[in-house]
Amino acid sequence: MARQAYVNGRYVPHGSAAVHVEDRGYQFADGVYEVVTIVGGRMIDEEPHLDRLERSLRELEIAMPMSRAVLRMVMRELVRRNRVQDGLLYMQITRGVAPRDHKYPGASVTPSVVMTTRQIDFTAGAKFEEGVKVITIPDIRWQRCDIKTVSLLPNCIGKTAAARAGAYEAWQVDADGMVTEGTSSNAWIVTKDGTLVTRPAEHAILNGITRLSILRIAEEEGIAFEERPFSVEEAKSAREAFTSSATSFATPVVTIDDRTIANGKPGSLTQRILDCYLDYCRGLRQSGTAKGQPGKKARRAS
Ligand code: PLP
């Protein structure tokens, strides 16, 4: 059967799935999204993703278009119809269709819901074995990067610059020279004394669901960690670096701009975190963010 998409209450062939030209997502990027990874047919961190989705909607005063239980049912049904074993589910909710006008329309406008899936071979390529390059670029985004909106043009510009430089990702840098995050991932380093460091989840970054799972794993494994900003210079002279997202897990970074990190090979702590995270995705360990809420401040493990 051909791949299907879900659009506003209907399962339709992916190739002809469409929304109205006056959908505010299309006109104003007035909407939010989530990407949930599927491993072995199971959605990873489904509840934390739905928590973050509801938070993004709340921040933008968009109504939740259906109950969480119904949303979950639709997600499962699409994964089932498309027989996804390994891949991702993309879900987008916009404010809905209304005559083009910047101000929010009235509450009678129904939010639009779109879902698609894609198969992915997570083992393809050598990024986990060899590590990747990132470049650094100025962070030109707005001041509410904690909301997962579909307004991603600066991220697209950054990711294109990375690809043109032969890099996997671009780490964005704020006006103080501190790394915020990647264009579609969170940034991490390991200091010389073995402490894991990532930027605190405030308005300057998206609080990654993978980020939260990694912090929990660090806590469980007794790995010291700090949530604090770090500079580009500190990253370049770090012992290890990696970048995390639902679809890239914890991808080792071995080059930042033109500087090789340590010996140019993925670091051992990164490898340990990746192994733990993959075990978690395969259901081989209980850790993760199931009990954690996005925004919950992680403690420093000692
Ligand atoms: N930061 C940005 C800007 C992102 O777009 C993403 C994922 O799309 C992430 C971080 C990582 O978030 P998650 O781990 O939930 O995939």
# chains A, B, ... in the order shown; residues from 1 in each chain; ligands from 1

$ residues_near_ligand --ligand "ligand 1" --cutoff "7 Å" --atoms "only C-alpha atoms and all ligand atoms" --output "ChimeraX atom specification"
/A:35,181-186,205-211,244-247

$ select_by_dssp --residues "segment 177-213 of chain A" --states "alpha helix (DSSP H)" --output "PyMOL selection string"
chain A and resi 209-213

$ select_by_dssp --residues "segment 50-238 of chain A" --states "strand (DSSP E)" --output "PyMOL selection string"
chain A and resi 87-94+112-119+132-138+169-173+179-182+186-190+196-198+225-227

$ residues_around --residues "Gly15 of chain A" --least-positions-apart "4" --cutoff "10 Å" --atoms "only C-alpha atoms" --output "list in words"
Ala2, Arg3, Gln4 and Ala5 of chain A
